[in-house]
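Enquirer: Following this message is one structure expressed as structure tokens.
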Amino acid sequence: MSFSFSRLSTNQRLAALAFVLGLAAIPATPTRGGAVRIAPEELAIAIERKADHVSAPDLADWIIQGRVDFRLLDLRAEAAYATYRIPGAENLPIASLPAAGLALNEKILLYGEDGVHAAQAWFLLKARGHRAVYMLDGGLEAWKNLVLYPRLADAATPEARQRNERLRSVSLHFGGTPTAGAGEGGSEPAVSAAPLPPVPAVKGSAAARPAPKKKKEGC
Amino acid sequence: MMAPFLKYGLFNEEVSLVVAFVIGIGFGFALERAGFGSARKLVSQFYLDDMAVFKVMFTAIVTAMLGVTYLSWIGVLDLSLVYLTPTYLVPQLVGGVVLGAGFVVGGYCPGTSIAAAATGRIDGLVAVAGVGFGTLVFAEAYPLVKSFMNSTAMGPQTIPQYFNLPYGLVVFGVVLMAIGGFVGAGWVERRVRAK
């Protein structure tokens, strides 16, 4: 053995070593997910900076762009999920979260009806060592108010008109309808939460909505 | 102590820049020592009379792969926290062709151009300027190519997960591929040089 080995060049010896190590690695099972360490200061800073949030319009842009670098998880009960969901969302009722087997290197975006369940799930996942967990700011409510049924402000300036045009196209893309807030005095567009637009008929149809998304990708 | 150190909070983002700097110096030194600061050496790869680029890169892959495999096997490295670049199949194929074409024409890939520039080679400096200019043009043209850039998105993918193969088997397969590649590269070199 040593006699033949000594006749090999350095390169050949290293290749032989790699071969042996590779062969021995066949039964290897890599560690995926290990010890957990919570950094309270880090969490607190992230919360204060709102770095743990994604706004509904941003999410809408992501979906329209066809981004797949994140998983969108709907934390509501199955029935609510069946009635309406944000396109691309997977249903994961909060009770089944601990057993869901989410990978630690996935970017995860959580949403519930409002912000509460998402925030609780966010902490659960953070505590389990998930790094890239985010919440939809304001939950499904914000999605309805800011994306599906946005209030359009007075189109006085070209910028405002442009903004309205954009809101309208995003809203229509997801099967909503923008509401014109033009005549009703100068209420801020963001404060549209009070008169919640109806969310009835669209609910069912919006569930199966990947088709327009695909179309949008091409152009 | 668990790796990745940054993600386990052993040091913060600012310190990670220092770490990156030190690793970068080491990487540049290794490239220069391997002769990769010279465009002649690099371009020989494409004329097939010196396959050093192929051998060095594949050696680096196998070394890193075996290191990652064993470290994560004994539980020192958490593989699930290692960043995976998401796959965008067609844009990445196109990008590979563009990079390869630039490599043949300019004689450098991005990393080696910096190593060459650091030793004062004029062609290296020009290549670095070209990288900067190209990055600027790309950034300005980004809205035009954005929809293409995001097409055929497959998310982060690994061969064991995509083909549902045992992790260790893929590791061994890559080692065999490397050894076969080295033998083949040596054979090609001898054939081309004999001519």
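Numbering starts fresh at 1 for the residues of each chain in the structure tokens, the chains themselves are lettered A, B, ... in the order given, and ligands are numbered from 1 as they appear.
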Counting only C-alpha atoms, collect the residues of chain A whose closest atom lies at most 7 Å from chain B, and write them out as a PyMOL selection string.

Expert: chain A and resi 15+18-19+22-23+25-34+66-69+103-105+217-219

Enquirer: Those same residues, written as a PDB file, in the first residue's frame with N, CA and C atoms?

Expert:
ATOM      1  N   ALA A  15      -6.047  13.858  -5.048  1.00  0.00           N
ATOM      2  CA  ALA A  15      -7.233  13.325  -5.718  1.00  0.00           C
ATOM      3  C   ALA A  15      -7.712  12.069  -5.002  1.00  0.00           C
ATOM      4  N   ALA A  18      -9.451  13.112  -1.892  1.00  0.00           N
ATOM      5  CA  ALA A  18     -10.801  13.610  -2.187  1.00  0.00           C
ATOM      6  C   ALA A  18     -11.741  12.442  -2.460  1.00  0.00           C
ATOM      7  N   PHE A  19     -11.208  11.429  -3.190  1.00  0.00           N
ATOM      8  CA  PHE A  19     -12.028  10.254  -3.497  1.00  0.00           C
ATOM      9  C   PHE A  19     -12.462   9.559  -2.211  1.00  0.00           C
ATOM     10  N   GLY A  22     -14.927  11.702  -0.310  1.00  0.00           N
ATOM     11  CA  GLY A  22     -16.211  11.693  -1.000  1.00  0.00           C
ATOM     12  C   GLY A  22     -16.948  10.397  -0.765  1.00  0.00           C
ATOM     13  N   LEU A  23     -16.194   9.289  -0.842  1.00  0.00           N
ATOM     14  CA  LEU A  23     -16.802   7.966  -0.623  1.00  0.00           C
ATOM     15  C   LEU A  23     -17.353   7.863   0.797  1.00  0.00           C
ATOM     16  N   ALA A  25     -18.367  10.182   2.550  1.00  0.00           N
ATOM     17  CA  ALA A  25     -19.434  11.165   2.802  1.00  0.00           C
ATOM     18  C   ALA A  25     -20.772  10.686   2.278  1.00  0.00           C
ATOM     19  N   ILE A  26     -20.805   9.538   1.620  1.00  0.00           N
ATOM     20  CA  ILE A  26     -22.085   9.092   1.034  1.00  0.00           C
ATOM     21  C   ILE A  26     -23.205   9.047   2.069  1.00  0.00           C
ATOM     22  N   PRO A  27     -22.971   8.519   3.267  1.00  0.00           N
ATOM     23  CA  PRO A  27     -24.098   8.517   4.219  1.00  0.00           C
ATOM     24  C   PRO A  27     -24.284   9.838   4.965  1.00  0.00           C
ATOM     25  N   ALA A  28     -23.598  10.904   4.538  1.00  0.00           N
ATOM     26  CA  ALA A  28     -23.640  12.164   5.283  1.00  0.00           C
ATOM     27  C   ALA A  28     -25.051  12.744   5.323  1.00  0.00           C
ATOM     28  N   THR A  29     -25.433  13.209   6.490  1.00  0.00           N
ATOM     29  CA  THR A  29     -26.694  13.931   6.629  1.00  0.00           C
ATOM     30  C   THR A  29     -26.372  15.288   7.235  1.00  0.00           C
ATOM     31  N   PRO A  30     -26.440  16.332   6.413  1.00  0.00           N
ATOM     32  CA  PRO A  30     -26.051  17.659   6.911  1.00  0.00           C
ATOM     33  C   PRO A  30     -27.017  18.191   7.960  1.00  0.00           C
ATOM     34  N   THR A  31     -26.478  18.979   8.864  1.00  0.00           N
ATOM     35  CA  THR A  31     -27.298  19.635   9.884  1.00  0.00           C
ATOM     36  C   THR A  31     -28.123  20.736   9.243  1.00  0.00           C
ATOM     37  N   ARG A  32     -29.387  20.664   9.438  1.00  0.00           N
ATOM     38  CA  ARG A  32     -30.262  21.745   8.948  1.00  0.00           C
ATOM     39  C   ARG A  32     -31.073  22.240  10.128  1.00  0.00           C
ATOM     40  N   GLY A  33     -30.667  23.362  10.666  1.00  0.00           N
ATOM     41  CA  GLY A  33     -31.395  23.917  11.804  1.00  0.00           C
ATOM     42  C   GLY A  33     -30.782  23.382  13.072  1.00  0.00           C
ATOM     43  N   GLY A  34     -30.355  24.272  13.943  1.00  0.00           N
ATOM     44  CA  GLY A  34     -29.697  23.808  15.141  1.00  0.00           C
ATOM     45  C   GLY A  34     -30.127  24.598  16.340  1.00  0.00           C
ATOM     46  N   GLY A  66     -43.734  38.662 -10.146  1.00  0.00           N
ATOM     47  CA  GLY A  66     -43.512  37.226 -10.208  1.00  0.00           C
ATOM     48  C   GLY A  66     -42.382  36.757  -9.327  1.00  0.00           C
ATOM     49  N   ARG A  67     -42.086  37.500  -8.279  1.00  0.00           N
ATOM     50  CA  ARG A  67     -40.989  37.083  -7.403  1.00  0.00           C
ATOM     51  C   ARG A  67     -41.333  35.792  -6.680  1.00  0.00           C
ATOM     52  N   VAL A  68     -40.364  34.889  -6.597  1.00  0.00           N
ATOM     53  CA  VAL A  68     -40.598  33.625  -5.912  1.00  0.00           C
ATOM     54  C   VAL A  68     -39.575  33.403  -4.810  1.00  0.00           C
ATOM     55  N   ASP A  69     -38.906  34.472  -4.404  1.00  0.00           N
ATOM     56  CA  ASP A  69     -37.871  34.286  -3.386  1.00  0.00           C
ATOM     57  C   ASP A  69     -38.452  34.347  -1.983  1.00  0.00           C
ATOM     58  N   ALA A 103     -38.076  25.778   6.211  1.00  0.00           N
ATOM     59  CA  ALA A 103     -36.617  25.825   6.215  1.00  0.00           C
ATOM     60  C   ALA A 103     -36.136  27.160   6.780  1.00  0.00           C
ATOM     61  N   LEU A 104     -35.008  27.107   7.479  1.00  0.00           N
ATOM     62  CA  LEU A 104     -34.526  28.307   8.156  1.00  0.00           C
ATOM     63  C   LEU A 104     -34.017  29.374   7.191  1.00  0.00           C
ATOM     64  N   ASN A 105     -33.632  28.960   5.984  1.00  0.00           N
ATOM     65  CA  ASN A 105     -33.099  29.959   5.058  1.00  0.00           C
ATOM     66  C   ASN A 105     -34.150  30.481   4.107  1.00  0.00           C
ATOM     67  N   GLU A 217     -46.070  38.704 -16.370  1.00  0.00           N
ATOM     68  CA  GLU A 217     -44.633  38.416 -16.367  1.00  0.00           C
ATOM     69  C   GLU A 217     -44.016  38.626 -17.733  1.00  0.00           C
ATOM     70  N   GLY A 218     -44.793  38.297 -18.757  1.00  0.00           N
ATOM     71  CA  GLY A 218     -44.204  38.302 -20.089  1.00  0.00           C
ATOM     72  C   GLY A 218     -43.900  39.687 -20.619  1.00  0.00           C
ATOM     73  N   CYS A 219     -44.675  40.684 -20.187  1.00  0.00           N
ATOM     74  CA  CYS A 219     -44.552  41.966 -20.880  1.00  0.00           C
ATOM     75  C   CYS A 219     -43.654  42.950 -20.179  1.00  0.00           C
TER      76      CYS A 219
END

Enquirer: Among the residues of region 13-174 of chain B, find those DSSP assigns to strand (DSSP E or B) from the backbone and print them as a PyMOL selection string.

Expert: chain B and resi 77+86-88+153-156

Enquirer: Store the residues picked out above, limited to N, CA and C atoms, as a short mmCIF file (atom, residue, chain, number, x, y, z; two decimals), in the first residue's frame.

Expert:
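Written out: out00.cif:
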data_model
loop_
_atom_site.label_atom_id
_atom_site.label_comp_id
_atom_site.auth_asym_id
_atom_site.auth_seq_id
_atom_site.Cartn_x
_atom_site.Cartn_y
_atom_site.Cartn_z
N LEU B 77 -21.67 23.18 11.37
CA LEU B 77 -22.20 24.15 10.41
C LEU B 77 -23.68 23.85 10.18
N PRO B 86 -30.94 32.32 -5.54
CA PRO B 86 -32.11 31.75 -6.21
C PRO B 86 -31.82 31.48 -7.69
N THR B 87 -32.45 30.47 -8.23
CA THR B 87 -32.24 30.10 -9.63
C THR B 87 -33.22 30.85 -10.53
N TYR B 88 -32.67 31.53 -11.53
CA TYR B 88 -33.47 32.08 -12.63
C TYR B 88 -32.87 31.48 -13.88
N ALA B 153 -38.15 31.92 -12.79
CA ALA B 153 -37.68 31.89 -11.41
C ALA B 153 -38.02 30.55 -10.78
N MET B 154 -37.03 29.91 -10.18
CA MET B 154 -37.27 28.61 -9.55
C MET B 154 -36.98 28.64 -8.06
N GLY B 155 -36.61 29.79 -7.54
CA GLY B 155 -36.27 29.88 -6.12
C GLY B 155 -34.93 29.22 -5.84
N PRO B 156 -34.52 29.17 -4.58
CA PRO B 156 -33.26 28.52 -4.26
C PRO B 156 -33.37 27.01 -4.52
#

Enquirer: Using only C-alpha atoms, determine which residues lie at most 10 Å from region 38-44 of chain A, disregarding the query and same-chain residues fewer than 3 positions distant; provide the list as a list in words.

Expert: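 Returned residues: Ile47, Glu48, Arg49, Lys50, Ala51, Asp52, Phe123, Lys126, Ala127, Arg128 and Gly129 of chain A; Tyr8 and Gly9 of chain B.
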
Enquirer: Take the residues from that selection and write them out as a CSV table (one decimal), in the first residue's frame, keeping C-alpha atoms.

Expert:
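That gives us out_21.csv:
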chain,number,residue,atom,x,y,z
A,47,ILE,CA,-39.5,46.0,15.5
A,48,GLU,CA,-38.9,49.7,16.0
A,49,ARG,CA,-37.5,50.2,12.6
A,50,LYS,CA,-40.5,48.3,11.2
A,51,ALA,CA,-37.9,46.1,9.4
A,52,ASP,CA,-40.1,43.2,10.2
A,123,PHE,CA,-42.1,35.7,17.2
A,126,LYS,CA,-37.9,34.1,15.2
A,127,ALA,CA,-37.5,32.1,18.4
A,128,ARG,CA,-36.9,29.0,16.3
A,129,GLY,CA,-34.1,30.6,14.5
B,8,TYR,CA,-25.2,32.9,14.8
B,9,GLY,CA,-24.3,36.4,16.0

Enquirer: When DSSP works through the backbone of this structure, what residues of region 66-136 of chain A end up as helix (DSSP H, G or I), shown as an MDAnalysis selection string?

Expert: chainID A and resid 78:83 94:96 116:127

Enquirer: Please, could you write that set of residues out with N, CA and C atoms as a PDB file, in the first residue's frame?

Expert:
ATOM      1  N   GLU A  78     -58.794  27.406   7.656  1.00  0.00           N
ATOM      2  CA  GLU A  78     -58.955  26.921   6.293  1.00  0.00           C
ATOM      3  C   GLU A  78     -60.154  27.539   5.580  1.00  0.00           C
ATOM      4  N   ALA A  79     -61.263  27.713   6.322  1.00  0.00           N
ATOM      5  CA  ALA A  79     -62.479  28.228   5.698  1.00  0.00           C
ATOM      6  C   ALA A  79     -62.247  29.638   5.165  1.00  0.00           C
ATOM      7  N   ALA A  80     -61.609  30.456   5.973  1.00  0.00           N
ATOM      8  CA  ALA A  80     -61.336  31.830   5.549  1.00  0.00           C
ATOM      9  C   ALA A  80     -60.403  31.835   4.356  1.00  0.00           C
ATOM     10  N   TYR A  81     -59.446  30.926   4.388  1.00  0.00           N
ATOM     11  CA  TYR A  81     -58.488  30.827   3.286  1.00  0.00           C
ATOM     12  C   TYR A  81     -59.197  30.427   2.001  1.00  0.00           C
ATOM     13  N   ALA A  82     -60.170  29.501   2.135  1.00  0.00           N
ATOM     14  CA  ALA A  82     -60.894  29.035   0.956  1.00  0.00           C
ATOM     15  C   ALA A  82     -61.735  30.158   0.360  1.00  0.00           C
ATOM     16  N   THR A  83     -62.217  31.066   1.198  1.00  0.00           N
ATOM     17  CA  THR A  83     -63.063  32.151   0.691  1.00  0.00           C
ATOM     18  C   THR A  83     -62.237  33.181  -0.054  1.00  0.00           C
ATOM     19  N   ILE A  94     -52.352  28.840  12.263  1.00  0.00           N
ATOM     20  CA  ILE A  94     -51.268  29.118  13.213  1.00  0.00           C
ATOM     21  C   ILE A  94     -50.976  27.921  14.114  1.00  0.00           C
ATOM     22  N   ALA A  95     -52.000  27.083  14.351  1.00  0.00           N
ATOM     23  CA  ALA A  95     -51.785  25.922  15.212  1.00  0.00           C
ATOM     24  C   ALA A  95     -50.820  24.921  14.587  1.00  0.00           C
ATOM     25  N   SER A  96     -50.793  24.881  13.270  1.00  0.00           N
ATOM     26  CA  SER A  96     -49.931  23.886  12.621  1.00  0.00           C
ATOM     27  C   SER A  96     -48.553  24.456  12.317  1.00  0.00           C
ATOM     28  N   VAL A 116     -52.344  40.729  14.453  1.00  0.00           N
ATOM     29  CA  VAL A 116     -51.998  40.092  15.725  1.00  0.00           C
ATOM     30  C   VAL A 116     -51.428  38.682  15.544  1.00  0.00           C
ATOM     31  N   HIS A 117     -52.173  37.840  14.846  1.00  0.00           N
ATOM     32  CA  HIS A 117     -51.684  36.476  14.668  1.00  0.00           C
ATOM     33  C   HIS A 117     -50.348  36.445  13.948  1.00  0.00           C
ATOM     34  N   ALA A 118     -50.218  37.315  12.966  1.00  0.00           N
ATOM     35  CA  ALA A 118     -48.963  37.351  12.223  1.00  0.00           C
ATOM     36  C   ALA A 118     -47.816  37.702  13.164  1.00  0.00           C
ATOM     37  N   ALA A 119     -48.070  38.664  14.071  1.00  0.00           N
ATOM     38  CA  ALA A 119     -47.009  39.074  14.992  1.00  0.00           C
ATOM     39  C   ALA A 119     -46.631  37.935  15.923  1.00  0.00           C
ATOM     40  N   GLN A 120     -47.653  37.193  16.370  1.00  0.00           N
ATOM     41  CA  GLN A 120     -47.349  36.069  17.269  1.00  0.00           C
ATOM     42  C   GLN A 120     -46.575  34.980  16.528  1.00  0.00           C
ATOM     43  N   ALA A 121     -47.022  34.687  15.326  1.00  0.00           N
ATOM     44  CA  ALA A 121     -46.318  33.672  14.538  1.00  0.00           C
ATOM     45  C   ALA A 121     -44.907  34.135  14.217  1.00  0.00           C
ATOM     46  N   TRP A 122     -44.776  35.433  13.963  1.00  0.00           N
ATOM     47  CA  TRP A 122     -43.462  36.012  13.671  1.00  0.00           C
ATOM     48  C   TRP A 122     -42.498  35.720  14.814  1.00  0.00           C
ATOM     49  N   PHE A 123     -42.989  35.926  16.045  1.00  0.00           N
ATOM     50  CA  PHE A 123     -42.099  35.690  17.184  1.00  0.00           C
ATOM     51  C   PHE A 123     -41.784  34.202  17.336  1.00  0.00           C
ATOM     52  N   LEU A 124     -42.804  33.353  17.131  1.00  0.00           N
ATOM     53  CA  LEU A 124     -42.562  31.903  17.195  1.00  0.00           C
ATOM     54  C   LEU A 124     -41.426  31.515  16.254  1.00  0.00           C
ATOM     55  N   LEU A 125     -41.521  31.999  15.025  1.00  0.00           N
ATOM     56  CA  LEU A 125     -40.522  31.612  14.028  1.00  0.00           C
ATOM     57  C   LEU A 125     -39.161  32.223  14.351  1.00  0.00           C
ATOM     58  N   LYS A 126     -39.158  33.475  14.776  1.00  0.00           N
ATOM     59  CA  LYS A 126     -37.895  34.109  15.157  1.00  0.00           C
ATOM     60  C   LYS A 126     -37.215  33.310  16.263  1.00  0.00           C
ATOM     61  N   ALA A 127     -38.038  32.887  17.237  1.00  0.00           N
ATOM     62  CA  ALA A 127     -37.487  32.146  18.365  1.00  0.00           C
ATOM     63  C   ALA A 127     -36.948  30.796  17.927  1.00  0.00           C
TER      64      ALA A 127
END
